[in-house]
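What follows is a single structure, written as structure tokens, with notes after it.
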Amino acid sequence: MLELRDITAGYDRRAPVVRGVSLAVAPGEAVGLLGPSGCGKSTLARVAALLHRPDAGTVVLDGTPAHGWRHRAPRAQRTAFGVLFQQPRLSADPRLRLADVIAEPLRATGRKTEVANRLGELGPLVGLGAELLTRRPHEVSDGQLQRACLARALVLRPRWLICDEMTAMLDASTTAALVAVVESYRRETGAGLLAVGHDRTLLERWCDRTVSWAALGTTTGMPGAG
Ligand SMILES: Nc1ncnc2c1ncn2[C@@H]1O[C@H](COP(=O)(O)OP(=O)(O)OP(=O)(O)O)[C@@H](O)[C@H]1O
């Protein structure tokens, strides 16, 4: 179970963007979080993935409260998450070939020996052929780069996927392809999903249940901003 308990978070302690929000995702469950631009969804998604320390509240992973954030999170907790962001160009090192973007988490956790195998599995799964895997981010489209970022998110076989507007800049067919990859991974592994976005149709079709930001708690959300 991934539990967010009474989370308050933001960038200025005097004016948090997330206030007293609670949300739980059961193992294998897909939860959509729907809200307007600027309300704080991404901030909450980053808290859930242990990438942003909340000002107050607790993230509980399978009964164990998280204490460290980012690189200070225990490896077992950090690697339990695969995270996919809206803008792949901000999250992929521009100097790396796509194969190395995908393999980065394996190398960072001392699992170099698995690189060739995992690339052989994940490249075809996300629709990236051998030639594309040799290119750098500036030599591929946003959709191709997002496919690589999805493969990177899956490479350590996470128990939880956090997708923050992962398809916002993609066309309908790439969106469908990436959602299908996530769903086949979840069927195979039983991973849970928190998908954040503002596209109600997509989230309702994709997820077991969809909650709206307004129903989650008291926030200082700024509808229409951002
Ligand atoms: N690094 C930051 N420093 C300061 N303020 C930030 C930072 N990141 C986000 N914010 C502010 O926090 C608020 C919530 O941002 P957040 O990205 O969580 O919203 P969101 O609901 O995901 O929006 P969108 O759908 O537009 O991505 C916004 O008002 C935003 O300007």
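A note on labels: chains of the structure tokens are A, B, ... as shown, every chain counts residues from 1, and ligands are counted from 1 in their shown order.
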Those of region 30-140 of chain A in DSSP helix (DSSP H, G or I), formatted as a PyMOL selection string: chain A and resi 41-48+70-72+75-78+88-91+98-108+112-126+130-133+137-139
Quick one: which chain A residues come within 8 Å of ligand 1, and what is the nearest atom pair for each with the distance in Å to one decimal, counting only C-alpha atoms and all ligand atoms, rows ordered by chain and ascending number, as a tab-separated table?
```
residue	atom	partner	partner_atom_place_in_ligand_line	distance
A:Gly10	CA	ligand 1	12 (O)	6.3
A:Tyr11	CA	ligand 1	4 (C)	4.9
A:Asp12	CA	ligand 1	4 (C)	7.4
A:Val17	CA	ligand 1	13 (C)	5.5
A:Val18	CA	ligand 1	14 (C)	7.8
A:Gly35	CA	ligand 1	21 (O)	6.3
A:Pro36	CA	ligand 1	21 (O)	5.9
A:Ser37	CA	ligand 1	25 (O)	3.6
A:Gly38	CA	ligand 1	23 (O)	3.4
A:Cys39	CA	ligand 1	21 (O)	3.8
A:Gly40	CA	ligand 1	18 (O)	3.1
A:Lys41	CA	ligand 1	21 (O)	3.9
A:Ser42	CA	ligand 1	22 (O)	3.5
A:Thr43	CA	ligand 1	18 (O)	3.7
A:Leu44	CA	ligand 1	18 (O)	6.5
A:Ala45	CA	ligand 1	18 (O)	7.9
A:Gln86	CA	ligand 1	27 (O)	7.9
A:Asp164	CA	ligand 1	22 (O)	7.6
A:Glu165	CA	ligand 1	25 (O)	7.3
A:Val196	CA	ligand 1	22 (O)	7.9
A:Gly197	CA	ligand 1	25 (O)	6.5
A:His198	CA	ligand 1	25 (O)	6.8
A:Gly221	CA	ligand 1	14 (C)	7.2
A:Met222	CA	ligand 1	29 (O)	6.5
A:Ala225	CA	ligand 1	29 (O)	6.8
A:Gly226	CA	ligand 1	26 (O)	4.8
```
How would the residues just chosen look if you wrote them out with N, CA and C atoms as an mmCIF file, in the first residue's frame?
```cif
data_model
loop_
_atom_site.group_PDB
_atom_site.id
_atom_site.type_symbol
_atom_site.label_atom_id
_atom_site.label_comp_id
_atom_site.auth_asym_id
_atom_site.auth_seq_id
_atom_site.Cartn_x
_atom_site.Cartn_y
_atom_site.Cartn_z
ATOM 1 N N GLY A 10 5.257 22.119 -0.385
ATOM 2 C CA GLY A 10 5.343 23.243 -1.320
ATOM 3 C C GLY A 10 6.752 23.761 -1.399
ATOM 4 N N TYR A 11 6.885 25.036 -1.668
ATOM 5 C CA TYR A 11 8.198 25.622 -1.924
ATOM 6 C C TYR A 11 8.483 26.772 -0.980
ATOM 7 N N ASP A 12 7.467 27.089 -0.145
ATOM 8 C CA ASP A 12 7.598 28.155 0.840
ATOM 9 C C ASP A 12 6.722 27.714 2.018
ATOM 10 N N VAL A 17 1.619 24.676 -1.228
ATOM 11 C CA VAL A 17 0.660 24.493 -2.327
ATOM 12 C C VAL A 17 -0.226 23.270 -2.086
ATOM 13 N N VAL A 18 0.264 22.336 -1.268
ATOM 14 C CA VAL A 18 -0.523 21.147 -0.913
ATOM 15 C C VAL A 18 -0.781 21.218 0.586
ATOM 16 N N GLY A 35 -6.851 17.239 -11.709
ATOM 17 C CA GLY A 35 -6.917 18.588 -11.149
ATOM 18 C C GLY A 35 -6.448 19.613 -12.150
ATOM 19 N N PRO A 36 -6.823 20.862 -11.944
ATOM 20 C CA PRO A 36 -6.447 21.906 -12.891
ATOM 21 C C PRO A 36 -4.957 22.237 -12.811
ATOM 22 N N SER A 37 -4.474 22.885 -13.832
ATOM 23 C CA SER A 37 -3.080 23.276 -13.884
ATOM 24 C C SER A 37 -2.725 24.162 -12.689
ATOM 25 N N GLY A 38 -1.596 23.861 -12.070
ATOM 26 C CA GLY A 38 -1.108 24.719 -10.991
ATOM 27 C C GLY A 38 -1.660 24.387 -9.620
ATOM 28 N N CYS A 39 -2.508 23.378 -9.495
ATOM 29 C CA CYS A 39 -3.141 23.127 -8.202
ATOM 30 C C CYS A 39 -2.196 22.441 -7.214
ATOM 31 N N GLY A 40 -1.147 21.795 -7.718
ATOM 32 C CA GLY A 40 -0.211 21.129 -6.815
ATOM 33 C C GLY A 40 -0.103 19.634 -7.044
ATOM 34 N N LYS A 41 -0.687 19.146 -8.143
ATOM 35 C CA LYS A 41 -0.667 17.697 -8.429
ATOM 36 C C LYS A 41 0.766 17.188 -8.577
ATOM 37 N N SER A 42 1.579 17.940 -9.329
ATOM 38 C CA SER A 42 2.950 17.475 -9.565
ATOM 39 C C SER A 42 3.728 17.456 -8.267
ATOM 40 N N THR A 43 3.498 18.460 -7.443
ATOM 41 C CA THR A 43 4.187 18.516 -6.153
ATOM 42 C C THR A 43 3.822 17.278 -5.338
ATOM 43 N N LEU A 44 2.537 16.927 -5.308
ATOM 44 C CA LEU A 44 2.101 15.756 -4.548
ATOM 45 C C LEU A 44 2.688 14.473 -5.158
ATOM 46 N N ALA A 45 2.731 14.410 -6.490
ATOM 47 C CA ALA A 45 3.302 13.227 -7.153
ATOM 48 C C ALA A 45 4.772 13.072 -6.778
ATOM 49 N N GLN A 86 6.099 14.856 -17.248
ATOM 50 C CA GLN A 86 5.467 15.418 -18.435
ATOM 51 C C GLN A 86 6.481 15.743 -19.539
ATOM 52 N N ASP A 164 3.257 11.539 -14.063
ATOM 53 C CA ASP A 164 2.815 12.928 -13.910
ATOM 54 C C ASP A 164 2.587 13.525 -15.295
ATOM 55 N N GLU A 165 1.349 13.548 -15.739
ATOM 56 C CA GLU A 165 0.997 14.099 -17.061
ATOM 57 C C GLU A 165 1.897 13.501 -18.142
ATOM 58 N N VAL A 196 -1.298 11.212 -12.627
ATOM 59 C CA VAL A 196 -1.733 12.567 -12.370
ATOM 60 C C VAL A 196 -1.993 13.265 -13.693
ATOM 61 N N GLY A 197 -3.078 14.015 -13.777
ATOM 62 C CA GLY A 197 -3.317 14.707 -15.033
ATOM 63 C C GLY A 197 -4.540 15.586 -15.001
ATOM 64 N N HIS A 198 -4.834 16.215 -16.134
ATOM 65 C CA HIS A 198 -6.058 17.028 -16.194
ATOM 66 C C HIS A 198 -7.015 16.516 -17.269
ATOM 67 N N GLY A 221 -4.891 25.584 -4.036
ATOM 68 C CA GLY A 221 -4.812 25.429 -5.492
ATOM 69 C C GLY A 221 -5.212 26.701 -6.211
ATOM 70 N N MET A 222 -4.580 26.896 -7.358
ATOM 71 C CA MET A 222 -4.855 28.108 -8.108
ATOM 72 C C MET A 222 -5.398 27.741 -9.473
ATOM 73 N N ALA A 225 -4.158 28.814 -13.107
ATOM 74 C CA ALA A 225 -2.771 29.279 -13.142
ATOM 75 C C ALA A 225 -1.913 28.254 -13.869
ATOM 76 N N GLY A 226 -0.714 28.656 -14.256
ATOM 77 C CA GLY A 226 0.283 27.720 -14.778
ATOM 78 C C GLY A 226 0.126 27.360 -16.203
#
```
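Minimum atom-to-atom distance to Ser173 (chain A), evaluated using only C-alpha atoms, belongs to A:Gly143 out of A:Pro158, A:Gly63, A:Pro94, A:Gly143.
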Determine which residues of region 72-150 of chain A receive a DSSP assignment of strand (DSSP E or B), computed from the backbone, and state them as an MDAnalysis selection string. chainID A and resid 81:84
Could you write out the selected residues, including N, CA and C atoms, as a tab-separated table (two decimals), in the first residue's frame?
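Result written to selection11.tsv:
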```
chain	number	residue	atom	x	y	z
A	81	PHE	N	9.95	2.85	-6.84
A	81	PHE	CA	9.17	3.75	-7.69
A	81	PHE	C	9.77	3.89	-9.08
A	82	GLY	N	8.89	3.86	-10.07
A	82	GLY	CA	9.26	4.30	-11.40
A	82	GLY	C	8.47	5.57	-11.65
A	83	VAL	N	9.16	6.61	-12.09
A	83	VAL	CA	8.51	7.91	-12.22
A	83	VAL	C	8.63	8.42	-13.65
A	84	LEU	N	7.54	8.95	-14.15
A	84	LEU	CA	7.52	9.47	-15.51
A	84	LEU	C	6.93	10.88	-15.47
```
Gap from CA of Leu34 (chain A) to CA of Asp62 (chain A) - Å, one decimal: 24.2 Å
Identify which of the residues A:Ala108, A:Ile102, A:Ala180, A:Ala168 lies closest to Leu145 (chain A), counting only C-alpha atoms when measuring atom-to-atom distances. A:Ile102
Tell me which protein, DNA and RNA residues are within 8 Å of Ala92 (chain A), counting only C-alpha atoms, leaving out same-chain ones fewer than 3 positions away, and put them as a ChimeraX atom specification. /A:88-89,96,101,137,149
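Taking CA of Arg118 (chain A) and CA of Val155 (chain A) as the two end points, the separation is 6.8 Å.
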What does the distance from CA of Ala66 (chain A) to CA of Gln87 (chain A) come to in Å, to one decimal? 26.6 Å
Rank A:Leu122, A:Ala176, A:Leu193, A:Leu128 by their smallest atom-to-atom distance to Thr210 (chain A), using only C-alpha atoms, and report the top residue only. A:Leu193
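Residues lying within 8 Å of Ala99 (chain A), counting only C-alpha atoms and ignoring same-chain neighbours fewer than 4 positions away, are Ala103, Leu119, Leu133, Thr134 and Ala148 of chain A.
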Selection from above, N, CA and C atoms, as an mmCIF file, in the first residue's frame, can you write it?
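Final file, out_27.cif:
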```cif
data_model
loop_
_atom_site.group_PDB
_atom_site.id
_atom_site.type_symbol
_atom_site.label_atom_id
_atom_site.label_comp_id
_atom_site.auth_asym_id
_atom_site.auth_seq_id
_atom_site.Cartn_x
_atom_site.Cartn_y
_atom_site.Cartn_z
ATOM 1 N N ALA A 103 19.363 2.697 -19.248
ATOM 2 C CA ALA A 103 20.175 1.845 -18.361
ATOM 3 C C ALA A 103 20.650 2.564 -17.100
ATOM 4 N N LEU A 119 17.821 -4.004 -21.912
ATOM 5 C CA LEU A 119 17.638 -3.195 -23.125
ATOM 6 C C LEU A 119 16.982 -4.035 -24.220
ATOM 7 N N LEU A 133 17.982 3.558 -30.306
ATOM 8 C CA LEU A 133 18.630 3.482 -28.994
ATOM 9 C C LEU A 133 20.045 4.067 -29.013
ATOM 10 N N THR A 134 20.617 4.218 -30.227
ATOM 11 C CA THR A 134 21.976 4.796 -30.298
ATOM 12 C C THR A 134 21.936 6.325 -30.393
ATOM 13 N N ALA A 148 11.608 6.234 -24.217
ATOM 14 C CA ALA A 148 12.841 5.861 -23.500
ATOM 15 C C ALA A 148 12.674 6.125 -22.003
#
```
Polymer residues at most 8 Å from Ala56 (chain A), only C-alpha atoms, same-chain spacing of 4 or more positions, as a list of chain:residue names: A:Asp6, A:Ile7, A:Thr8, A:Ala9
Restrict the selected residues to C-alpha atoms and save them as a compact mmCIF listing (two decimals), in the first residue's frame.
```
# COMPACT_ATOMS: atom_id res chain seq x y z
CA ASP A 6 -2.13 14.43 5.69
CA ILE A 7 0.57 15.83 3.41
CA THR A 8 1.42 19.50 3.42
CA ALA A 9 4.11 20.48 0.91
```
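Of the residues listed (A:Val59, A:Thr64, A:Gly192, A:Glu29), A:Val59 shows the shortest atom-to-atom separation from Arg5 (chain A); distances use only C-alpha atoms.
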For Gln144 (chain A), list every protein, DNA or RNA residue within 12 Å, evaluated using only C-alpha atoms, and leave out those in the same chain fewer than 4 positions away; present the list as a short mmCIF file (atom, residue, chain, number, x, y, z; two decimals) with C-alpha atoms, in the first residue's frame.
```cif
data_model
loop_
_atom_site.label_atom_id
_atom_site.label_comp_id
_atom_site.auth_asym_id
_atom_site.auth_seq_id
_atom_site.Cartn_x
_atom_site.Cartn_y
_atom_site.Cartn_z
CA GLN A 87 8.56 16.79 -20.15
CA PRO A 88 11.04 14.09 -21.08
CA ARG A 89 13.63 16.68 -22.15
CA ALA A 92 16.84 12.89 -19.66
CA LEU A 98 18.78 6.57 -25.34
CA GLY A 123 13.49 -1.49 -26.39
CA VAL A 126 8.32 0.57 -25.76
CA GLY A 127 8.74 0.54 -29.56
CA LEU A 128 12.35 1.71 -29.82
CA GLY A 129 14.49 -0.17 -32.33
CA LEU A 132 16.96 4.73 -32.17
CA LEU A 133 18.63 3.48 -28.99
CA ARG A 135 20.64 8.35 -30.71
CA ARG A 136 20.84 11.21 -28.25
CA PRO A 137 17.78 13.12 -27.00
CA HIS A 138 18.16 15.99 -29.49
CA GLU A 139 18.06 13.47 -32.35
CA VAL A 140 14.64 12.03 -31.45
CA ALA A 148 12.84 5.86 -23.50
CA CYS A 149 11.83 7.54 -20.23
CA LEU A 150 9.09 4.95 -19.78
CA ALA A 151 11.61 2.15 -20.33
CA THR A 167 1.19 11.96 -22.17
CA MET A 169 2.71 16.54 -25.01
CA LEU A 170 2.09 13.40 -27.06
CA ASP A 171 -0.29 12.57 -29.92
CA THR A 174 1.72 7.55 -28.81
CA THR A 175 -0.47 8.14 -25.74
CA ALA A 177 0.92 3.00 -26.97
CA LEU A 178 2.49 4.22 -23.73
#
```
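With only C-alpha atoms as the atoms that count, the minimum distance from Trp206 (chain A) to the choices A:Leu90, A:Leu33, A:Leu106, A:Leu51 is reached by A:Leu33.
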With only C-alpha atoms as the basis for distance, which of A:Arg19, A:Arg209, A:Arg200, A:Arg70 is at the shortest distance from Gly57 (chain A)? A:Arg19
